[in-house]
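Raw contents of query.tsv, TSV, C-alpha atoms and all ligand atoms:
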chain	number	residue	atom	x	y	z
A	1266	MET	CA	81.53	113.02	68.32
A	1267	MET	CA	83.31	115.29	70.80
A	1268	GLY	CA	86.39	113.86	72.48
A	1269	TYR	CA	87.76	114.47	75.96
A	1270	LYS	CA	89.88	117.28	77.35
A	1271	VAL	CA	92.85	115.71	79.12
A	1272	ALA	CA	95.33	117.47	81.42
A	1273	VAL	CA	98.74	115.95	82.20
A	1274	VAL	CA	100.24	117.33	85.43
A	1275	GLY	CA	104.00	116.67	85.59
A	1276	ALA	CA	104.23	116.71	81.79
A	1277	THR	CA	107.97	117.49	81.82
A	1278	GLY	CA	108.80	114.49	84.03
A	1279	ASN	CA	109.75	110.94	83.14
A	1280	VAL	CA	106.22	109.63	83.58
A	1281	GLY	CA	104.43	112.72	82.19
A	1282	ARG	CA	106.38	112.63	78.92
A	1283	GLU	CA	105.61	108.94	78.56
A	1284	MET	CA	101.91	109.68	79.22
A	1285	LEU	CA	101.82	112.17	76.34
A	1286	GLU	CA	103.54	109.68	74.07
A	1287	ILE	CA	101.14	106.86	74.99
A	1288	LEU	CA	98.02	109.06	74.66
A	1289	ALA	CA	99.08	109.77	71.07
A	1290	GLU	CA	100.28	106.21	70.35
A	1291	ARG	CA	96.98	104.65	71.45
A	1292	ALA	CA	94.92	107.41	69.80
A	1293	PHE	CA	93.16	108.18	73.07
A	1294	PRO	CA	89.94	110.06	72.14
A	1295	ALA	CA	91.20	113.50	73.28
A	1296	ASP	CA	90.13	116.71	71.54
A	1297	GLU	CA	92.58	118.70	73.61
A	1298	VAL	CA	95.58	117.81	75.74
A	1299	VAL	CA	97.02	120.34	78.20
A	1300	ALA	CA	100.60	119.91	79.48
A	1301	LEU	CA	101.14	121.25	83.02
A	1302	ALA	CA	104.15	121.45	85.32
A	1303	SER	CA	105.75	123.77	87.88
A	1304	PRO	CA	106.62	127.44	87.19
A	1305	ARG	CA	110.18	126.22	86.42
A	1306	SER	CA	108.91	124.75	83.16
A	1307	LEU	CA	106.71	127.61	81.95
A	1308	GLY	CA	107.00	127.90	78.17
A	1309	THR	CA	109.11	124.77	77.64
A	1310	GLU	CA	107.84	122.39	75.01
A	1311	VAL	CA	106.89	118.72	75.16
A	1312	SER	CA	105.92	116.30	72.40
A	1313	TYR	CA	102.45	114.88	71.99
A	1314	GLY	CA	102.60	112.56	68.98
A	1315	ASP	CA	103.73	114.74	66.08
A	1316	LYS	CA	102.50	117.89	67.84
A	1317	THR	CA	104.39	120.12	70.26
A	1318	LEU	CA	102.66	121.44	73.38
A	1319	LYS	CA	103.75	124.51	75.35
A	1320	VAL	CA	103.92	123.69	79.03
A	1321	LYS	CA	101.63	125.75	81.28
A	1322	VAL	CA	101.78	126.25	85.04
A	1323	LEU	CA	99.51	124.05	87.17
A	1324	GLU	CA	98.35	126.94	89.38
A	1325	HIS	CA	97.10	128.87	86.33
A	1326	CYS	CA	94.96	126.07	84.86
A	1327	ASP	CA	91.17	126.27	84.91
A	1328	PHE	CA	90.09	122.66	85.37
A	1329	SER	CA	86.37	123.31	84.87
A	1330	GLY	CA	86.55	122.17	81.23
A	1331	VAL	CA	88.88	119.21	81.90
A	1332	ASP	CA	87.44	115.67	81.81
A	1333	ILE	CA	90.46	113.59	82.85
A	1334	CYS	CA	93.55	114.72	84.73
A	1335	LEU	CA	96.58	112.43	84.67
A	1336	MET	CA	98.62	113.47	87.74
A	1337	SER	CA	102.29	112.64	87.91
A	1338	ALA	CA	103.98	115.29	90.02
A	1339	GLY	CA	104.57	113.53	93.36
A	1340	SER	CA	102.58	113.12	96.58
A	1341	SER	CA	102.66	116.66	97.97
A	1342	VAL	CA	101.38	118.17	94.71
A	1343	SER	CA	98.70	115.48	94.48
A	1344	LYS	CA	97.63	115.95	98.09
A	1345	GLU	CA	96.96	119.63	97.50
A	1346	TRP	CA	95.68	119.52	93.92
A	1347	SER	CA	93.82	116.25	93.32
A	1348	PRO	CA	90.82	117.17	95.54
A	1349	LYS	CA	90.62	120.65	93.93
A	1350	ILE	CA	90.78	119.21	90.42
A	1351	ALA	CA	88.18	116.54	91.28
A	1352	ALA	CA	85.93	119.25	92.78
A	1353	ALA	CA	86.13	121.08	89.43
A	1354	GLY	CA	84.61	117.96	87.84
A	1355	ALA	CA	87.61	116.18	86.32
A	1356	VAL	CA	88.43	112.55	87.16
A	1357	VAL	CA	91.97	112.44	88.57
A	1358	ILE	CA	94.16	109.41	87.85
A	1359	ASP	CA	97.08	109.83	90.21
A	1360	ASN	CA	100.51	108.25	89.99
A	1361	SER	CA	101.81	109.17	93.42
A	1362	SER	CA	101.45	107.13	96.62
A	1363	CYS	CA	99.20	109.84	98.17
A	1364	TRP	CA	95.76	108.19	97.71
A	1365	ARG	CA	96.57	104.51	97.21
A	1366	GLN	CA	95.48	103.35	100.67
A	1367	ASP	CA	92.45	105.66	100.90
A	1368	ALA	CA	89.37	103.40	101.27
A	1369	ASP	CA	87.38	105.79	99.04
A	1370	VAL	CA	89.93	105.72	96.20
A	1371	PRO	CA	90.13	102.65	93.92
A	1372	LEU	CA	93.66	101.35	93.22
A	1373	ILE	CA	93.53	99.88	89.75
A	1374	VAL	CA	95.47	97.60	87.43
A	1375	PRO	CA	92.98	97.01	84.59
A	1376	GLU	CA	94.12	93.41	83.90
A	1377	VAL	CA	93.48	92.58	87.58
A	1378	ASN	CA	90.62	94.60	89.10
A	1379	ALA	CA	89.06	96.76	86.37
A	1380	ASP	CA	85.58	96.39	87.93
A	1381	ALA	CA	86.70	98.35	90.99
A	1382	VAL	CA	87.19	101.44	88.82
A	1383	ALA	CA	83.52	102.44	89.29
A	1384	GLY	CA	84.43	103.36	92.89
A	1385	PHE	CA	86.03	106.58	91.58
A	1386	ARG	CA	82.74	108.42	92.15
A	1387	LYS	CA	83.31	108.76	95.91
A	1388	LYS	CA	86.25	111.15	95.64
A	1389	GLY	CA	86.74	111.64	91.90
A	1390	ILE	CA	90.24	110.15	92.26
A	1391	ILE	CA	91.70	106.83	91.04
A	1392	ALA	CA	95.14	105.72	92.18
A	1393	ASN	CA	97.78	104.09	90.01
A	1394	PRO	CA	99.87	101.58	91.97
A	1395	ASN	CA	103.59	101.67	92.60
A	1396	CYS	CA	105.56	100.48	89.56
A	1397	SER	CA	106.94	97.34	91.21
A	1398	THR	CA	103.46	96.30	92.41
A	1399	THR	CA	101.81	96.76	89.02
A	1400	GLN	CA	103.96	94.30	87.07
A	1401	LEU	CA	103.87	91.84	89.99
A	1402	VAL	CA	100.06	91.69	90.22
A	1403	VAL	CA	99.71	91.36	86.42
A	1404	ALA	CA	101.76	88.15	86.69
A	1405	LEU	CA	100.21	86.92	89.96
A	1406	LYS	CA	96.51	87.36	89.08
A	1407	PRO	CA	96.11	84.45	86.59
A	1408	LEU	CA	98.13	82.13	88.84
A	1409	HIS	CA	96.03	83.16	91.88
A	1410	ASP	CA	92.84	82.40	89.92
A	1411	LYS	CA	94.15	78.91	89.15
A	1412	ALA	CA	95.78	77.74	92.39
A	1413	LYS	CA	95.19	80.42	95.11
A	1414	ILE	CA	98.33	82.17	96.28
A	1415	LEU	CA	99.17	81.90	99.99
A	1416	ARG	CA	102.57	83.63	100.17
A	1417	VAL	CA	104.92	85.59	97.92
A	1418	VAL	CA	108.60	86.38	98.49
A	1419	VAL	CA	109.91	88.99	96.07
A	1420	ALA	CA	113.28	90.66	95.48
A	1421	THR	CA	113.20	93.63	93.12
A	1422	TYR	CA	115.89	95.07	90.87
A	1423	GLN	CA	114.53	98.56	90.17
A	1424	SER	CA	115.84	100.96	87.55
A	1425	VAL	CA	116.85	104.55	88.32
A	1426	SER	CA	114.06	106.03	86.15
A	1427	GLY	CA	111.68	104.94	88.93
A	1428	ALA	CA	113.19	107.76	91.01
A	1429	GLY	CA	112.61	110.49	88.39
A	1430	LYS	CA	114.65	112.30	85.78
A	1431	GLU	CA	117.28	113.64	88.22
A	1432	ALA	CA	118.05	110.07	89.24
A	1433	MET	CA	118.66	109.09	85.61
A	1434	ASP	CA	121.03	112.06	85.25
A	1435	GLU	CA	122.87	110.89	88.37
A	1436	LEU	CA	123.51	107.39	86.99
A	1437	PHE	CA	124.72	108.94	83.73
A	1438	SER	CA	127.04	111.51	85.36
A	1439	GLN	CA	128.43	109.03	87.90
A	1440	THR	CA	129.13	106.47	85.17
A	1441	LYS	CA	130.96	109.14	83.15
A	1442	ALA	CA	132.90	110.21	86.27
A	1443	VAL	CA	134.04	106.62	86.90
A	1444	PHE	CA	135.40	106.33	83.34
A	1445	GLN	CA	137.09	109.74	83.56
A	1446	ILE	CA	138.54	108.81	86.99
A	1447	ASN	CA	136.76	111.80	88.56
A	1448	GLU	CA	135.19	111.87	92.00
A	1449	VAL	CA	131.73	110.24	92.18
A	1450	GLU	CA	129.32	112.32	94.19
A	1451	PRO	CA	125.99	110.82	95.40
A	1452	LYS	CA	123.20	113.44	95.47
A	1453	LYS	CA	119.82	111.89	94.75
A	1454	PHE	CA	120.78	108.39	95.95
A	1455	PRO	CA	122.23	107.75	99.42
A	1456	LYS	CA	125.24	105.86	97.98
A	1457	ARG	CA	126.96	105.62	94.62
A	1458	ILE	CA	124.63	103.98	92.07
A	1459	ALA	CA	127.07	103.61	89.14
A	1460	PHE	CA	128.46	100.03	89.10
A	1461	ASN	CA	126.72	99.39	92.41
A	1462	LEU	CA	123.39	98.26	93.99
A	1463	ILE	CA	121.48	100.02	96.77
A	1464	PRO	CA	119.15	97.90	98.98
A	1465	HIS	CA	117.07	100.92	99.95
A	1466	ILE	CA	114.16	102.59	98.09
A	1467	ASP	CA	112.00	105.28	99.76
A	1468	THR	CA	112.22	105.91	103.52
A	1469	PHE	CA	112.84	103.46	106.37
A	1470	MET	CA	109.95	102.41	108.60
A	1471	GLU	CA	110.10	101.48	112.30
A	1472	ASP	CA	110.21	97.73	111.62
A	1473	GLY	CA	113.28	98.05	109.35
A	1474	PHE	CA	111.40	97.61	106.07
A	1475	THR	CA	111.43	100.48	103.57
A	1476	ARG	CA	108.21	102.16	102.44
A	1477	GLU	CA	108.75	100.74	98.95
A	1478	GLU	CA	108.70	97.23	100.46
A	1479	TRP	CA	105.62	98.06	102.53
A	1480	LYS	CA	103.86	99.49	99.45
A	1481	MET	CA	104.27	96.16	97.63
A	1482	VAL	CA	102.58	94.35	100.53
A	1483	ALA	CA	99.73	96.82	101.09
A	1484	GLU	CA	98.99	97.42	97.40
A	1485	THR	CA	99.01	93.72	96.45
A	1486	LYS	CA	96.48	93.10	99.22
A	1487	LYS	CA	94.24	95.98	98.08
A	1488	ILE	CA	94.36	95.10	94.37
A	1489	LEU	CA	94.47	91.30	94.38
A	1490	ASP	CA	93.57	89.67	97.71
A	1491	PRO	CA	93.98	90.86	101.33
A	1492	LYS	CA	94.73	87.24	102.38
A	1493	ILE	CA	97.97	87.02	100.37
A	1494	LYS	CA	101.09	87.21	102.56
A	1495	LEU	CA	103.99	89.01	100.90
A	1496	VAL	CA	107.50	90.00	101.88
A	1497	ALA	CA	109.74	92.15	99.68
A	1498	THR	CA	113.33	93.35	99.44
A	1499	CYS	CA	113.55	96.33	97.09
A	1500	VAL	CA	116.89	97.14	95.48
A	1501	ARG	CA	117.90	100.02	93.19
A	1502	VAL	CA	120.16	98.88	90.35
A	1503	PRO	CA	122.21	100.81	87.76
A	1504	VAL	CA	119.73	100.24	84.93
A	1505	PHE	CA	118.06	103.23	83.24
A	1506	ILE	CA	114.63	101.76	82.45
A	1507	GLY	CA	112.91	98.49	83.41
A	1508	HIS	CA	112.19	96.91	86.77
A	1509	SER	CA	112.94	93.21	87.32
A	1510	GLU	CA	111.65	90.93	90.05
A	1511	ALA	CA	112.63	87.47	91.31
A	1512	VAL	CA	109.34	86.07	92.63
A	1513	THR	CA	108.82	82.97	94.78
A	1514	ILE	CA	105.17	81.94	95.21
A	1515	GLU	CA	103.53	79.37	97.47
A	1516	PHE	CA	100.03	78.16	96.53
A	1517	GLU	CA	97.19	76.39	98.34
A	1518	ASN	CA	96.57	74.06	95.38
A	1519	PRO	CA	98.95	72.25	93.01
A	1520	ILE	CA	100.25	74.08	89.92
A	1521	SER	CA	103.23	73.01	87.84
A	1522	ALA	CA	105.69	75.22	85.95
A	1523	ASP	CA	104.30	73.84	82.66
A	1524	GLU	CA	100.73	74.71	83.67
A	1525	ALA	CA	101.81	78.18	84.82
A	1526	ARG	CA	103.58	78.78	81.49
A	1527	GLU	CA	100.39	77.93	79.58
A	1528	ILE	CA	98.18	80.07	81.87
A	1529	LEU	CA	100.52	83.07	81.64
A	1530	ARG	CA	100.78	82.74	77.84
A	1531	LYS	CA	97.02	83.40	77.64
A	1532	ALA	CA	96.86	86.02	80.42
A	1533	PRO	CA	96.14	89.69	79.56
A	1534	GLY	CA	99.19	91.93	79.62
A	1535	CYS	CA	101.63	89.00	80.02
A	1536	LEU	CA	104.23	87.75	77.54
A	1537	VAL	CA	106.11	84.55	78.33
A	1538	ILE	CA	109.68	84.23	77.01
A	1539	ASP	CA	111.05	81.14	78.67
A	1540	LYS	CA	113.56	79.02	76.81
A	1541	HIS	CA	116.07	77.01	78.80
A	1542	GLU	CA	119.06	78.37	76.93
A	1543	ALA	CA	121.40	81.36	76.96
A	1544	GLY	CA	119.31	84.46	76.17
A	1545	GLY	CA	115.99	82.59	76.44
A	1546	TYR	CA	114.66	85.14	78.97
A	1547	VAL	CA	113.92	88.87	79.05
A	1548	THR	CA	116.18	91.52	80.60
A	1549	PRO	CA	115.18	95.09	81.52
A	1550	TYR	CA	117.14	96.56	78.61
A	1551	GLU	CA	114.92	94.67	76.16
A	1552	CYS	CA	111.62	95.57	77.86
A	1553	ALA	CA	112.22	99.36	77.71
A	1554	GLY	CA	109.61	100.96	75.43
A	1555	GLU	CA	107.40	97.83	75.54
A	1556	ASP	CA	103.94	97.46	77.06
A	1557	ALA	CA	103.94	93.84	78.27
A	1558	THR	CA	104.87	92.32	81.58
A	1559	TYR	CA	107.45	89.72	80.55
A	1560	ILE	CA	107.71	86.45	82.45
A	1561	SER	CA	110.74	84.18	82.17
A	1562	ARG	CA	112.57	81.48	84.17
A	1563	ILE	CA	109.34	79.76	85.32
A	1564	ARG	CA	110.36	76.90	87.61
A	1565	ASP	CA	108.81	74.50	90.14
A	1566	ASP	CA	109.99	75.33	93.66
A	1567	PRO	CA	111.25	71.99	95.04
A	1568	THR	CA	111.35	73.30	98.65
A	1569	VAL	CA	107.54	73.47	99.16
A	1570	ASP	CA	104.52	71.34	98.16
A	1571	ASN	CA	102.96	73.84	95.73
A	1572	GLY	CA	105.43	76.48	94.68
A	1573	LEU	CA	106.79	78.36	91.67
A	1574	VAL	CA	109.70	80.68	91.00
A	1575	LEU	CA	109.50	83.36	88.26
A	1576	TRP	CA	111.45	86.25	86.75
A	1577	VAL	CA	109.17	89.22	85.94
A	1578	VAL	CA	110.33	92.26	83.94
A	1579	SER	CA	108.49	95.36	82.71
A	1580	ASP	CA	109.05	98.98	81.64
A	1581	ASN	CA	108.41	100.88	84.87
A	1582	LEU	CA	107.61	104.14	83.05
A	1583	ARG	CA	105.01	102.42	80.85
A	1584	LYS	CA	103.13	99.55	82.54
A	1585	GLY	CA	104.54	100.68	85.90
A	1586	ALA	CA	103.16	104.20	85.50
A	1587	ALA	CA	101.99	105.98	82.30
A	1588	LEU	CA	100.48	103.06	80.37
A	1589	ASN	CA	98.54	101.77	83.37
A	1590	ALA	CA	97.14	105.27	84.01
A	1591	ILE	CA	95.98	105.55	80.40
A	1592	GLN	CA	94.49	102.04	80.47
A	1593	ILE	CA	92.48	103.22	83.51
A	1594	ALA	CA	91.29	106.25	81.51
A	1595	GLU	CA	90.34	103.88	78.66
A	1596	CYS	CA	88.30	101.79	81.16
A	1597	LEU	CA	86.35	104.93	82.14
A	1598	VAL	CA	85.65	105.72	78.50
A	1599	ASN	CA	84.92	102.16	77.30
A	1600	ARG	CA	82.61	101.45	80.23
A	1601	LYS	CA	80.88	104.82	79.64
A	1602	LEU	CA	81.60	105.88	83.22
A	1603	ILE	CA	82.42	109.43	82.11
A	1604	GLN	CA	81.13	111.74	79.44
A	1605	ALA	CA	83.04	114.55	77.77
A	1606	LYS	CA	81.92	117.88	79.29
A	1607	GLN	CA	81.89	119.60	75.90
A	1608	LYS	CA	79.54	116.91	74.60
A	1609	ALA	CA	77.35	117.08	77.68
A	1610	ALA	CA	77.03	120.88	77.40
B	1	LIG	N1	109.08	106.78	87.48
B	1	LIG	C1	108.34	105.72	87.78
B	1	LIG	O1	108.66	104.57	87.43
B	1	LIG	C2	107.09	105.89	88.52
B	1	LIG	C3	106.25	104.81	88.64
B	1	LIG	C4	105.07	104.94	89.35
B	1	LIG	C5	104.78	106.15	89.91
B	1	LIG	N2	105.62	107.21	89.80
B	1	LIG	C6	105.24	108.47	90.42
B	1	LIG	O2	104.96	109.43	89.40
B	1	LIG	C7	105.31	110.73	89.87
B	1	LIG	C8	106.27	111.41	88.92
B	1	LIG	O3	107.41	110.63	88.72
B	1	LIG	P1	108.52	110.99	87.63
B	1	LIG	O4	109.42	109.82	87.64
B	1	LIG	O5	107.90	111.42	86.36
B	1	LIG	O6	109.25	112.27	88.30
B	1	LIG	P2	110.13	113.40	87.61
B	1	LIG	O7	110.76	112.92	86.38
B	1	LIG	O8	111.00	113.94	88.71
B	1	LIG	O9	109.05	114.53	87.20
B	1	LIG	C9	108.31	115.25	88.16
B	1	LIG	C10	107.27	116.10	87.45
B	1	LIG	O10	106.46	116.78	88.43
B	1	LIG	C11	106.45	118.17	88.14
B	1	LIG	N3	106.29	118.96	89.36
B	1	LIG	C12	107.07	118.95	90.46
B	1	LIG	N4	106.63	119.85	91.36
B	1	LIG	C13	105.53	120.44	90.81
B	1	LIG	C14	104.62	121.45	91.23
B	1	LIG	N5	104.74	122.06	92.42
B	1	LIG	N6	103.61	121.81	90.40
B	1	LIG	C15	103.47	121.22	89.19
B	1	LIG	N7	104.31	120.25	88.72
B	1	LIG	C16	105.32	119.87	89.53
B	1	LIG	C17	107.79	118.43	87.49
B	1	LIG	O11	107.74	119.65	86.80
B	1	LIG	P3	109.08	120.54	86.58
B	1	LIG	O12	109.84	119.90	85.46
B	1	LIG	O13	108.50	121.88	86.22
B	1	LIG	O14	109.83	120.52	87.88
B	1	LIG	C18	107.89	117.21	86.57
B	1	LIG	O15	107.09	117.42	85.43
B	1	LIG	C19	105.83	110.52	91.28
B	1	LIG	O16	104.76	110.68	92.18
B	1	LIG	C20	106.30	109.11	91.28
B	1	LIG	O17	106.32	108.54	92.57
B	1	LIG	C21	106.76	107.11	89.10

Please lay out the structure from this file as structure tokens.
Amino acid sequence: MMGYKVAVVGATGNVGREMLEILAERAFPADEVVALASPRSLGTEVSYGDKTLKVKVLEHCDFSGVDICLMSAGSSVSKEWSPKIAAAGAVVIDNSSCWRQDADVPLIVPEVNADAVAGFRKKGIIANPNCSTTQLVVALKPLHDKAKILRVVVATYQSVSGAGKEAMDELFSQTKAVFQINEVEPKKFPKRIAFNLIPHIDTFMEDGFTREEWKMVAETKKILDPKIKLVATCVRVPVFIGHSEAVTIEFENPISADEAREILRKAPGCLVIDKHEAGGYVTPYECAGEDATYISRIRDDPTVDNGLVLWVVSDNLRKGAALNAIQIAECLVNRKLIQAKQKAA
């Protein structure tokens, strides 16, 4: 049986590299994988399992033979290229924020709304949510099914890898500069990130919220339930990989911490680590390289009638980006929504 031809756009980036690793790890049925990036990366090499791929330039790629294109090169690249790639007959799964609120583009987290994936036919594009939204909705969905969520208050603690590879370099070089008593120079971040926190991710909006905070509201509504009220404070922290979230949830119906623990233990994509002792919870350092959304510190909220408080942690490059995109591609394949062009020919 012929497999699929898969293109990865942004293959030299944090998310793109992880996509190549996960495609190989999960033995995605690809006959050919093409690594694409900007002209800056022409000829550089990236790993795909135990193979090495030479990076090609996006502009030079003929997409007519490509079945699935995993896009991870930012909004402006996606805005220009996703429609062209879709017009050439490939299904685009895009990681940027460009298409997430487009009514004709499904926004998918397979554990939550896999059935909506069939909507890709309208534009040939499927959007992958923001990293902080993805792990949140994986944890919220089974609780919403049980007791109906009315309101969520979330504070995020987001790692620097969420801002790309230059941001990771900046945390590393600033940390080194602090130890060497050199001057610390912010470039990518608006303030020093080493040994600090920055309560600002993405741009500011007129109402004082940041776009990252707005994305969590709008995307949770689109993926899970438009009736859910949500307010977020998004904070960048000096962690390389792994986003953490302190989540307070108010429900319409009663649900106890014990019940929630049992529900989440059985929920797809969730792993509960919740012992009431030192170290009986998950930290971002431990979740790096892992696929699950970890849930710890599950407590009853004594300030409302039906409320819970949770700590949710996940690898933002995997479930928050690359893994979710590949799970979407697996949905297309498993549900027979696409056919390999080579096979069809
Ligand atoms: N990091 C996360 O946790 C996360 C989570 C969800 C979504 N996302 C989204 O995923 C995307 C990529 O993020 P990242 O963290 O991987 O960024 P990154 O590490 O900065 O990598 C960016 C990638 O895009 C490529 N690129 C840039 N301009 C290009 C162009 N004109 N043509 C072709 N390729 C181009 C770069 O290629 P060169 O190396 O050649 O410059 C590089 O491969 C962004 O849209 C981001 O918002 C990221």

* Asked: Quick one: residues within 7 Å of Glu1517 in chain A, only C-alpha atoms counted, chain neighbours fewer than 3 positions away excluded, as a list in words?
  -> Ala1412, Lys1413, Ile1414, Leu1415 and Asn1571 of chain A

* To do: Determine, counting all atoms listed in the file, which protein, DNA and RNA residues have an atom within 6 Å of an atom of range 1425-1437 of chain A; residues of the same chain fewer than 2 positions away are not included. Present the result as a PyMOL selection string.
  => chain A and resi 1279+1439-1440+1459+1505-1506

* **Residue nearest Val1419 in chain A - candidates A:Val1577, A:Ala1302, A:Ala1351, A:Val1370, atoms counted: all atoms listed in the file** => A:Val1577

Proximity check chain A to ligand LIG 1 (chain B), 7 Å, nearest pairs one decimal Å, all atoms listed in the file, as a tab-separated table:
residue	atom	partner	partner_atom	distance
A:Val1274	CA	B:LIG1	N7	6.0
A:Gly1275	CA	B:LIG1	O15	3.2
A:Ala1276	CA	B:LIG1	O15	4.7
A:Thr1277	CA	B:LIG1	O15	3.7
A:Gly1278	CA	B:LIG1	O9	3.2
A:Asn1279	CA	B:LIG1	O5	3.7
A:Val1280	CA	B:LIG1	O5	3.7
A:Gly1281	CA	B:LIG1	O5	5.6
A:Leu1301	CA	B:LIG1	C15	6.6
A:Ala1302	CA	B:LIG1	N7	3.6
A:Ser1303	CA	B:LIG1	C15	3.7
A:Pro1304	CA	B:LIG1	O13	5.9
A:Arg1305	CA	B:LIG1	O13	4.7
A:Ser1306	CA	B:LIG1	O13	4.2
A:Val1322	CA	B:LIG1	C15	6.7
A:Leu1323	CA	B:LIG1	C15	5.3
A:Ser1337	CA	B:LIG1	C7	4.1
A:Ala1338	CA	B:LIG1	O10	3.3
A:Gly1339	CA	B:LIG1	O16	3.1
A:Ser1340	CA	B:LIG1	O16	5.5
A:Val1342	CA	B:LIG1	N5	5.6
A:Asn1360	CA	B:LIG1	O2	4.6
A:Ser1361	CA	B:LIG1	O16	3.5
A:Ser1362	CA	B:LIG1	O17	6.5
A:Pro1394	CA	B:LIG1	C4	6.7
A:Asn1395	CA	B:LIG1	C4	4.8
A:Cys1396	CA	B:LIG1	C3	4.5
A:Ser1426	CA	B:LIG1	N1	5.2
A:Gly1427	CA	B:LIG1	O1	3.4
A:Ala1428	CA	B:LIG1	O4	5.5
A:Gly1429	CA	B:LIG1	O4	3.3
A:Lys1430	CA	B:LIG1	O7	4.0
A:Glu1431	CA	B:LIG1	O8	6.3
A:Asn1581	CA	B:LIG1	O1	4.5
A:Leu1582	CA	B:LIG1	O1	4.5
A:Gly1585	CA	B:LIG1	C3	5.2
A:Ala1586	CA	B:LIG1	C4	4.4

* Asked: By how many Å are CA of Met1267 in chain A and CA of Gly1384 in chain A apart?
  -> 25.1 Å

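Residues surrounding Leu1285 in chain A within 10 Å are Ala1272, Val1273, Ala1276, Thr1277, Val1280, Gly1281, Ala1289, Glu1290, Val1298, Val1299, Ala1300, Val1311, Ser1312, Tyr1313, Gly1314, Leu1318, Leu1335, Ala1587 and Ile1591 of chain A [all atoms listed in the file; sequence separation below 4 positions excluded].
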
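Of the residues under consideration (A:Asp1467, A:Glu1484, A:Glu1515, A:Glu1527), A:Glu1484 shows the shortest atom-to-atom contact distance to Leu1372 in chain A when counting only C-alpha atoms.
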
* Which residues come within 12 Å of Ala1594 in chain A, counting all atoms listed in the file, excluding same-chain residues fewer than 6 positions away, as number ranges by chain? -> A: 1269-1272, 1284, 1287-1288, 1291, 1293-1295, 1332-1335, 1355-1359, 1373-1375, 1379, 1382-1383, 1385, 1390-1393, 1587-1588, 1600-1604

* Tell me, as number ranges by chain, which residues lie within 10 Å of Leu1408 in chain A, counting all atoms listed in the file; anything in the same chain fewer than 4 positions away does not count. => A: 1402-1404, 1412-1414, 1514, 1516, 1520, 1524-1526, 1528-1529, 1532, 1573

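Note that CA of Phe1460 in chain A and CA of Val1482 in chain A are 28.9 Å apart.
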